[in-house]
Protein chains: 2
Amino acid sequence: MGLTYQMKMKIPFDMADMNGHIKLPDVILLSLQVSGMQSIELGVSDKTILEDYNLVWIITDYDIEVVRLPRFAEEITIETEALSYNRLFCYRRFTIYDEAGQELIHMMATFVLMDRDSRKVHAVEPEIVAPYQSDFDKKLIRGPKYESLEEPVSKDYHVRFYDLDMNGHVNNSKYLDWIFEVMGADFLTQYIPKKINLKYVKEVRPGGVITSAVERTGLESKHEITSDGATNAQAIITWQEMKKD
Amino acid sequence: MGLTYQMKMKIPFDMADMNGHIKLPDVILLSLQVSGMQSIELGVSDKTILEDYNLVWIITDYDIEVVRLPRFAEEITIETEALSYNRLFCYRRFTIYDEAGQELIHMMATFVLMDRDSRKVHAVEPEIVAPYQSDFDKKLIRGPKYESLEEPVSKDYHVRFYDLDMNGHVNNSKYLDWIFEVMGADFLTQYIPKKINLKYVKEVRPGGVITSAVERTGLESKHEITSDGATNAQAIITWQEMKKD
């Protein structure tokens, strides 16, 4: 177990979707702001590790469980904790609580360090992870097996200038945008995710077009983001009916 | 002159573009968060005026002047002030300062009240604007004359589910996204706006496709957002070369 770090906030209007729920890509953006703030506080900010080691943190996997989605103007607490690490992977928890302390969203994220120039994964540097006080644990956390899609429905999306971050990468949260968008507005006003497994396979290149493919069977959907003939990301989502209130 | 309200913040990583500058649509989102916070403090929040009057604030015009764009991790102060109002229009200033108090962005926004059901403009309600202590002033502030485009270059964009807010409207900031996107990444990594005039003519409907058209002559570009044969927004932008640093 590592040090925890919390941020309290109210969901602003522009983060709410048509249902009045927070947009899930914003959950990812906010969570990364919180872990970023923890890193700054512990003296191992993204800026520091880039300058001192030429390394950047990237995320390879998400495992997200949604009890319910926070609503516009609701006060939430986002808590994060670096749980454990092994030779290559660091596992971090994000938990979103409502005002009464009830868990709304539970998210596990797998982080790896990447060399900024070679774009290759770099072994965990003990000095970088020590400040978080998480445990070394050889055990690997494995995601589900992502099967390829048989008869998918798909849509193409341009990678836009504003989809790119300072490093010229498509932000992690953007993939969720493409994954949800292909479900269509009708579906998205009736169902919200219950569980999301998402695996980043290969970076999307700036400037091109990606294809967001989906195959849905009842309340389960399987997703693939592809571009230039390669798979960029895969996801499996279990959906739940939206509670009207 | 009215009451002023300020918020200090640091530009988070996910608001920075490839140049390390804040994304301009995020400037709009943040500014509206600040005026929204002022309204809450003064007891005339968006929620209150919707419940008590069935009215919502909408923005019809922006006049934005950019000295330079705030950068990733830079601390800025966003200040807003409701300047004056007349029978239909309320004029509000947003100013973004750097840490030394230098003005980085100056933005004038024209607000009107709209009836939520009829979607028609509603005369300014004195009780709604009184708390801001701005002056009544008959004088209308007029934007530039927007001429129609002769030989535009254009791109089509789908209106996405996450482009819509809780009221099913496309967020104001989204139009700037479409307006910039059509300039292309090459241009956007060399130039930043110096002055933007933007006029919202007609709401974009959810679910469809919009066309973002542009005609550029040197450092001036004229823009039109259209859908279903109607003009939704028009803009004129003067650009400046990016200072390398």
# chains A, B, ... in the order shown; residues from 1 in each chain; ligands from 1
>>> select_by_dssp(residues="segment 50-190 of chain B", states="helix (DSSP H, G or I)", output="PyMOL selection string")
chain B and resi 50-53+126-132+161-163+172-181+185-188
>>> write_last_selection(atoms="N, CA, C and O atoms", output="CSV table (one decimal), in the first residue's frame")
chain,number,residue,atom,x,y,z
B,50,LEU,N,-32.9,29.4,-14.0
B,50,LEU,CA,-33.6,28.5,-14.7
B,50,LEU,C,-34.9,28.1,-13.9
B,50,LEU,O,-36.0,28.1,-14.5
B,51,GLU,N,-34.7,27.8,-12.7
B,51,GLU,CA,-35.8,27.4,-11.8
B,51,GLU,C,-36.8,28.5,-11.6
B,51,GLU,O,-38.0,28.3,-11.6
B,52,ASP,N,-36.3,29.8,-11.4
B,52,ASP,CA,-37.2,30.9,-11.0
B,52,ASP,C,-37.8,31.6,-12.3
B,52,ASP,O,-38.9,32.2,-12.2
B,53,TYR,N,-37.1,31.6,-13.4
B,53,TYR,CA,-37.5,32.4,-14.5
B,53,TYR,C,-37.6,31.5,-15.8
B,53,TYR,O,-38.1,32.1,-16.9
B,126,PRO,N,-34.3,43.0,-14.7
B,126,PRO,CA,-33.5,43.8,-13.8
B,126,PRO,C,-33.1,43.1,-12.5
B,126,PRO,O,-31.9,43.2,-12.1
B,127,GLU,N,-33.9,42.2,-12.0
B,127,GLU,CA,-33.6,41.5,-10.7
B,127,GLU,C,-32.4,40.5,-11.0
B,127,GLU,O,-31.7,40.2,-10.0
B,128,ILE,N,-32.3,40.0,-12.2
B,128,ILE,CA,-31.3,39.1,-12.5
B,128,ILE,C,-29.9,39.8,-12.6
B,128,ILE,O,-28.9,39.2,-12.1
B,129,VAL,N,-29.9,41.0,-13.2
B,129,VAL,CA,-28.6,41.6,-13.4
B,129,VAL,C,-28.2,42.6,-12.2
B,129,VAL,O,-27.0,42.9,-12.1
B,130,ALA,N,-29.2,43.0,-11.4
B,130,ALA,CA,-28.9,43.9,-10.3
B,130,ALA,C,-27.7,43.5,-9.5
B,130,ALA,O,-26.8,44.3,-9.2
B,131,PRO,N,-27.6,42.2,-9.1
B,131,PRO,CA,-26.5,41.8,-8.1
B,131,PRO,C,-25.1,42.0,-8.7
B,131,PRO,O,-24.2,42.2,-7.9
B,132,TYR,N,-25.0,42.1,-10.0
B,132,TYR,CA,-23.6,42.3,-10.6
B,132,TYR,C,-23.2,43.8,-10.5
B,132,TYR,O,-22.0,44.1,-10.8
B,161,PHE,N,-21.8,13.1,-29.6
B,161,PHE,CA,-22.5,13.0,-28.3
B,161,PHE,C,-21.9,13.9,-27.2
B,161,PHE,O,-22.6,14.6,-26.5
B,162,TYR,N,-20.6,13.8,-27.1
B,162,TYR,CA,-19.9,14.5,-26.1
B,162,TYR,C,-19.7,16.0,-26.4
B,162,TYR,O,-19.1,16.8,-25.6
B,163,ASP,N,-20.1,16.4,-27.6
B,163,ASP,CA,-20.1,17.9,-27.9
B,163,ASP,C,-21.3,18.6,-27.3
B,163,ASP,O,-21.3,19.8,-27.3
B,172,ASN,N,-20.5,26.4,-26.7
B,172,ASN,CA,-19.9,27.5,-27.4
B,172,ASN,C,-18.4,27.3,-27.8
B,172,ASN,O,-18.0,27.7,-28.9
B,173,SER,N,-17.7,26.6,-26.9
B,173,SER,CA,-16.3,26.4,-27.1
B,173,SER,C,-16.0,25.5,-28.3
B,173,SER,O,-15.0,25.6,-29.0
B,174,LYS,N,-17.0,24.6,-28.6
B,174,LYS,CA,-16.8,23.6,-29.7
B,174,LYS,C,-16.7,24.3,-31.0
B,174,LYS,O,-16.0,23.8,-31.9
B,175,TYR,N,-17.4,25.4,-31.2
B,175,TYR,CA,-17.3,26.1,-32.5
B,175,TYR,C,-15.9,26.6,-32.8
B,175,TYR,O,-15.4,26.5,-34.0
B,176,LEU,N,-15.2,27.0,-31.8
B,176,LEU,CA,-13.8,27.4,-32.0
B,176,LEU,C,-12.9,26.2,-32.4
B,176,LEU,O,-12.0,26.4,-33.2
B,177,ASP,N,-13.2,25.1,-31.8
B,177,ASP,CA,-12.6,23.8,-32.2
B,177,ASP,C,-12.7,23.6,-33.7
B,177,ASP,O,-11.7,23.4,-34.4
B,178,TRP,N,-13.9,23.7,-34.2
B,178,TRP,CA,-14.1,23.5,-35.7
B,178,TRP,C,-13.5,24.6,-36.5
B,178,TRP,O,-13.0,24.3,-37.6
B,179,ILE,N,-13.5,25.8,-36.0
B,179,ILE,CA,-12.9,27.0,-36.7
B,179,ILE,C,-11.4,26.8,-36.8
B,179,ILE,O,-10.8,27.1,-37.8
B,180,PHE,N,-10.8,26.4,-35.7
B,180,PHE,CA,-9.3,26.2,-35.7
B,180,PHE,C,-8.9,25.0,-36.5
B,180,PHE,O,-7.9,25.0,-37.3
B,181,GLU,N,-9.6,23.9,-36.3
B,181,GLU,CA,-9.3,22.6,-36.9
B,181,GLU,C,-9.1,22.7,-38.4
B,181,GLU,O,-8.2,22.1,-39.0
B,185,ALA,N,-2.9,21.5,-39.1
B,185,ALA,CA,-1.8,21.4,-38.1
B,185,ALA,C,-0.6,22.2,-38.4
B,185,ALA,O,0.0,22.9,-37.5
B,186,ASP,N,-0.2,22.3,-39.7
B,186,ASP,CA,1.0,23.0,-40.1
B,186,ASP,C,0.8,24.5,-39.7
B,186,ASP,O,1.7,25.1,-39.1
B,187,PHE,N,-0.3,25.1,-40.1
B,187,PHE,CA,-0.6,26.5,-39.8
B,187,PHE,C,-0.6,26.7,-38.3
B,187,PHE,O,-0.1,27.7,-37.8
B,188,LEU,N,-1.3,25.8,-37.6
B,188,LEU,CA,-1.5,26.0,-36.1
B,188,LEU,C,-0.3,25.8,-35.3
B,188,LEU,O,-0.2,26.1,-34.1
>>> closest_atom_pairs(of="chain B", to="chain A", cutoff="8 Å", atoms="only C-alpha atoms", output="CSV")
residue,atom,partner,partner_atom,distance
B:Pro12,CA,A:Gln33,CA,7.1
B:Phe13,CA,A:Asp165,CA,7.6
B:Asp14,CA,A:Asp165,CA,6.6
B:Met15,CA,A:Asp165,CA,8.0
B:Ala16,CA,A:Met166,CA,6.1
B:Asp17,CA,A:Asp165,CA,5.1
B:Met18,CA,A:Met166,CA,4.1
B:Asn19,CA,A:Met166,CA,6.2
B:Gly20,CA,A:Met166,CA,5.3
B:Lys23,CA,A:Tyr162,CA,7.2
B:Leu29,CA,A:Asp14,CA,6.9
B:Gln33,CA,A:Pro12,CA,7.2
B:Arg160,CA,A:Glu181,CA,6.7
B:Phe161,CA,A:Ala185,CA,5.9
B:Tyr162,CA,A:Asp17,CA,6.2
B:Leu164,CA,A:Met18,CA,6.2
B:Asp165,CA,A:Asp17,CA,5.1
B:Met166,CA,A:Met18,CA,4.0
B:Asn167,CA,A:Met18,CA,6.3
B:Gly168,CA,A:Met18,CA,5.6
B:Asn171,CA,A:Asp14,CA,7.6
B:Asp177,CA,A:Tyr162,CA,7.6
B:Glu181,CA,A:Phe161,CA,6.4
B:Gly184,CA,A:Phe161,CA,7.6
B:Ala185,CA,A:Phe161,CA,5.9
B:Gly207,CA,A:Ala185,CA,7.8
>>> residues_around(residues="Ser148 of chain B", least_positions_apart="3", cutoff="9 Å", atoms="only C-alpha atoms", output="PyMOL selection string")
chain B and resi 222-224+234
>>> residues_around(residues="segment 197-203 of chain A", least_positions_apart="4", cutoff="6 Å", atoms="only C-alpha atoms", output="list of chain:residue names")
A:Thr60, A:Asp61, A:Tyr62, A:Asp63, A:Asn232, A:Ala233, A:Gln234, A:Ala235, A:Ile236
>>> closest_residue(among="B:Leu104, B:Cys90, B:Ile210, B:Ala109", to="Asp137 of chain B", atoms="only C-alpha atoms")
B:Cys90
>>> closest_residue(among="A:Gln133, A:Gly218, A:Lys10, A:Thr211", to="Glu74 of chain A", atoms="only C-alpha atoms")
A:Lys10
>>> atom_distance(atom1="atom CA of Tyr146 of chain A", atom2="atom CA of Ile58 of chain A")
20.3 Å
>>> atom_distance(atom1="atom CA of Phe94 of chain B", atom2="atom CA of Ile28 of chain A")
28.6 Å
>>> atom_distance(atom1="atom CA of Val56 of chain A", atom2="atom CA of Tyr191 of chain B")
27.7 Å
>>> closest_residue(among="A:Asp26, A:Glu150, A:Glu79, A:Glu41", to="Ile11 of chain A", atoms="only C-alpha atoms")
A:Asp26
>>> residues_around(residues="Met107 of chain A", least_positions_apart="4", cutoff="9 Å", atoms="only C-alpha atoms", output="list in words")
Tyr62, Asp63, Ile64, Glu65, Val66, Arg92, Arg93, Phe94, Thr95 and Ile96 of chain A
>>> residues_around(residues="Tyr91 of chain A", least_positions_apart="5", cutoff="10 Å", atoms="only C-alpha atoms", output="list in words")
Ile59, Asp61, Tyr62, Glu81, Ala82, Leu83, Ser84, Tyr85, Asn86, Met108, Ala109, Thr110, Phe111, Val112, Ser134, Leu140 and Ile141 of chain A
>>> closest_residue(among="B:Lys138, B:Lys8, B:Thr48, B:Gln190", to="Gly101 of chain B", atoms="only C-alpha atoms")
B:Lys8
>>> select_by_dssp(residues="segment 9-193 of chain B", states="strand (DSSP E)", output="ChimeraX atom specification")
/B:9-10,55-66,75-85,90-97,103-115,121-122,135-136,153-158,191-193
